[in-house]
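Engineer: Sharing a structure, written as structure tokens. Questions coming.
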Amino acid sequence: MIETDFIFKKENVQKITNGSVTWKTPSNIALVKYWGKQEPQIPKNPSISFTLDACFTLTTLEYKLKKQMVAERSRSHNQNKLISTPLNHQKFNFEIYFEGEKKEGFKPKIQKFFERIEKYVPFLKEYKFIIKSRNSFPHSSGIASSASGMSALALCVMSLEKLITERSGNEVEMTDAYFNKKASFLARLGSGSACRSIEGSVVVWGKHKEIKGSSDLFGIKFPGEIHVNFKNYHDTILLVDEGEKQVSSTVGHQLMNNHPFAEQRFLQANKNILKLSKIFQNGNLKEFITLVESEALTLHAMMMTSNPYFMLMKPNTLKIINKIWKFRAETNSNICFTLDAGANVHVLFPEREKEIVHNFIIDELIQYCQENHYICDRIGLGAKQLKKDN
């Protein structure tokens with residue numbers, strides 16, 4: 001599919017006056033990382049990720065047609081006469097609440113997101129929105145909160161589009177495949193990695209000549225068979241630092257524009273996508289470990305060699321990594337780690353090792369976490385709608 005396929009083209013639609021919709025959308029953890037992008041939110045290299053389960057954003061979008069709002073105000077002034085007042089649809093009208101508190105500081109990002117997607121969902125300015133959101137994990141701590149947050153909002157917008165389309169007597173029903181692809185397409189325009197949080201359990205984002213159906217415009221479910229070794233794979237997230245990241249992902253991606261190793265990195269990522277695709281099908285856990293840990297360290301190497309340069313790992317991050325290496329050498333376990341753009345460590349391991357690895361984490365690793373905080377997670381199946389539109 002191409003960009004124009006996602007433009008809402010139906011005219012003279014029957015607008016929905018009011019209602020709400022709620023989506024629960026997971027975070028994701030990239031195994032092959034994308035680092036570096038160009039406008040509009042196009043990755044410089046493809047990536048592949050596990051969709052998570054316990055780490056999610058829950059977002060409710062309440063919507064009310066502006067014409068109805070004017071009519072209601074008119075009634076309050078004159079009970080016997082309904083005044084039709086011209087509306088100014090030139091501005092997006094929304095409020096956002098996070099964890100129960102109104103967040104003015106979040107509005108610029110949502111404003112920019114609405115501006116980017118308006119071409120594809122032009123009915124946005126006709127509504128007043130109230131966005132209510134919460135996370136199951138610490139915000140802005142390197143667990144892809146923007147990915148789950150923006151994908152949840154994109155799915156809410158798509159639910160409204162679907163309802164408008166259905167109420168307008170569209171002869172062609174919106175398929176689940178189109179709904180998910182457009183939701184991923186819209187989510188990408190808010191946060192690149194958000195396009196990987198729509199479906200599960202393994203998602204590819206970015207055009208790769210060997211991955212059928214892959215695209216820079218949206219994420220797709222990995223098209224091949226996934227070996228049983230990767231079913232119910234676990235990801236325990238060790239919260240080394242629960243504070244906000246030192247460097248935003250946006251700034252980090254921009255640093256790749258003049259990075260001395262950028263082109264080599266992009267080539268490496270493309271090769272690793274192909275390698276990981278084969279690993280997912282043949283089930284070789286030792287090769288999985290080598291590739292995933294190398295990718296994590298390469299991501300941080302890019303940050304440490306950029307200009308300006310950054311060190312996002314903390315001393316306890318390195319202690320955890322060395323503990324994992326030592327445990328693996330002593331037990332022949334298939335435990336490994338990956339990192340996002342932050343200090344927290346994602347400890348990955350197969351289902352059959354959950355007991356021994358969990359005991360190791362409790363006995364040896366949580367001492368390095370902030371206030372001993374950690375999250376037990378595993379591969380998930382993607383986003384889920386919790387509340388239907390009115």
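As shown in the structure tokens, the chain order sets the letters A, B, ...; within each chain, residues go from 1, and ligands are also counted from 1 in the order they appear.
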With 9 Å as the cut-off and only C-alpha atoms counted, what is the closest atom pair between each nearby residue of region 257-339 of chain A and region 27-50 of chain A? Distances in Å to one decimal, ordered by chain and number, as a tab-separated table.
Structural biologist:
residue	atom	partner	partner_atom	distance
A:Asn257	CA	A:Gly36	CA	7.0
A:Ala262	CA	A:Gly36	CA	8.2
A:Arg265	CA	A:Asn45	CA	8.6
A:Phe266	CA	A:Asn45	CA	5.4
A:Leu267	CA	A:Asn45	CA	7.9
A:Ala269	CA	A:Asn45	CA	6.5
A:Asn270	CA	A:Pro46	CA	6.5
A:Asn272	CA	A:Val32	CA	6.8
A:Ile273	CA	A:Val32	CA	6.6
A:Leu276	CA	A:Val32	CA	8.2
A:Leu291	CA	A:Val32	CA	8.2
A:Val292	CA	A:Leu31	CA	5.6
A:Glu293	CA	A:Leu31	CA	8.5
A:Glu295	CA	A:Val32	CA	5.9
A:Ala296	CA	A:Lys33	CA	7.5
A:Thr298	CA	A:Lys33	CA	8.9
A:Leu299	CA	A:Lys33	CA	7.0
A:Met302	CA	A:Trp35	CA	8.5
A:Thr338	CA	A:Leu31	CA	7.2
A:Leu339	CA	A:Ile29	CA	8.4
Engineer: Got a sec to tell me which of region 89-199 of chain A DSSP assigns to alpha helix (DSSP H), as a PyMOL selection string?
Structural biologist: chain A and resi 107-117+145-167+176-190
Engineer: Distance table requested - region 178-248 of chain A against region 109-121 of chain A, cut-off 8 Å, only C-alpha atoms: one row per qualifying residue with the closest atom pair and its distance in Å to one decimal, ordered by chain and rising residue number, as a Markdown table.
Structural biologist:
| residue | atom | partner | partner_atom | distance |
| --- | --- | --- | --- | --- |
| A:Leu186 | CA | A:Ile117 | CA | 6.3 |
| A:Leu189 | CA | A:Arg116 | CA | 6.5 |
| A:Gly190 | CA | A:Phe113 | CA | 5.0 |
Engineer: Keeping only all heavy atoms, take the residues you just selected and write them out as a JSON list (two decimals), in the first residue's frame.
Structural biologist:
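And here is the file that came out, again-v4.json:
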[["chain", "number", "residue", "atom", "x", "y", "z"],
["A", 186, "LEU", "N", -0.71, 5.86, 10.86],
["A", 186, "LEU", "CA", -0.93, 7.09, 11.63],
["A", 186, "LEU", "C", -0.03, 7.13, 12.86],
["A", 186, "LEU", "O", 0.55, 8.18, 13.17],
["A", 186, "LEU", "CB", -2.40, 7.19, 12.06],
["A", 186, "LEU", "CG", -3.46, 7.29, 10.96],
["A", 186, "LEU", "CD1", -4.84, 7.34, 11.58],
["A", 186, "LEU", "CD2", -3.22, 8.52, 10.08],
["A", 189, "LEU", "N", 3.45, 8.45, 12.48],
["A", 189, "LEU", "CA", 3.60, 9.90, 12.34],
["A", 189, "LEU", "C", 3.64, 10.60, 13.69],
["A", 189, "LEU", "O", 4.00, 11.77, 13.77],
["A", 189, "LEU", "CB", 2.48, 10.46, 11.47],
["A", 189, "LEU", "CG", 2.52, 9.98, 10.01],
["A", 189, "LEU", "CD1", 1.27, 10.43, 9.26],
["A", 189, "LEU", "CD2", 3.77, 10.47, 9.30],
["A", 190, "GLY", "N", 3.27, 9.88, 14.75],
["A", 190, "GLY", "CA", 3.41, 10.42, 16.11],
["A", 190, "GLY", "C", 4.70, 10.00, 16.76],
["A", 190, "GLY", "O", 5.39, 10.79, 17.41]]
Engineer: If we count only C-alpha atoms, what is near region 4-10 of chain A at a cut-off of 12 Å, once residues fewer than 6 positions away on the same chain are taken out, given as number ranges by chain?
Structural biologist: A: 117-124, 158, 160-162, 164-172, 174, 178-186, 217-218
Engineer: Using only C-alpha atoms, which of the listed residues (A:Lys91, A:Lys128, A:Arg188, A:Lys221) sits closest to Gly382 (chain A)?
Structural biologist: A:Lys221
Engineer: In Å, rounded to a single decimal, give me how far CA of Gly283 (chain A) is from CA of Ile211 (chain A).
Structural biologist: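 Answer for the CA of Ile211 (chain A) to CA of Gly283 (chain A) separation: 18.0 Å.
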Engineer: For CA of Asn93 (chain A) and CA of Glu62 (chain A), quote the distance in Å rounded to one decimal.
Structural biologist: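 Separating CA of Asn93 (chain A) from CA of Glu62 (chain A) is a distance of 11.8 Å.
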Engineer: Could you name the residues that touch Thr59 (chain A) at 12 Å or less, counting only C-alpha atoms, but leaving out those on the same chain fewer than 2 positions away, as an NGL selection string?
Structural biologist: :A and (20-26 or 56-57 or 61-62 or 96-100 or 130-136 or 148-157 or 383-387)
Engineer: Show which residues sit within 8 Å of region 319-329 of chain A, as a ChimeraX atom specification. Count only C-alpha atoms, and ignore same-chain residues fewer than 5 positions away.
Structural biologist: /A:334-337,345,364-365,368
Engineer: The selected residues should be written to file as a PDB file, in the first residue's frame (atoms: C-alpha atoms).
Structural biologist:
ATOM      1  CA  ASN A 334      19.762 -18.939  26.972  1.00  0.00           C
ATOM      2  CA  ILE A 335      19.273 -15.732  28.939  1.00  0.00           C
ATOM      3  CA  CYS A 336      20.320 -12.532  27.175  1.00  0.00           C
ATOM      4  CA  PHE A 337      19.711  -8.793  27.366  1.00  0.00           C
ATOM      5  CA  VAL A 345      17.788  -3.635  30.946  1.00  0.00           C
ATOM      6  CA  GLU A 364      21.307 -11.434  41.762  1.00  0.00           C
ATOM      7  CA  LEU A 365      19.868  -8.623  39.649  1.00  0.00           C
ATOM      8  CA  TYR A 368      20.779  -3.028  40.938  1.00  0.00           C
TER       9      TYR A 368
END
Engineer: Tell me, in Å to one decimal, how far CA of Lys207 (chain A) is from CA of Lys278 (chain A).
Structural biologist: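 Taking CA of Lys207 (chain A) and CA of Lys278 (chain A), their separation equals 17.1 Å.
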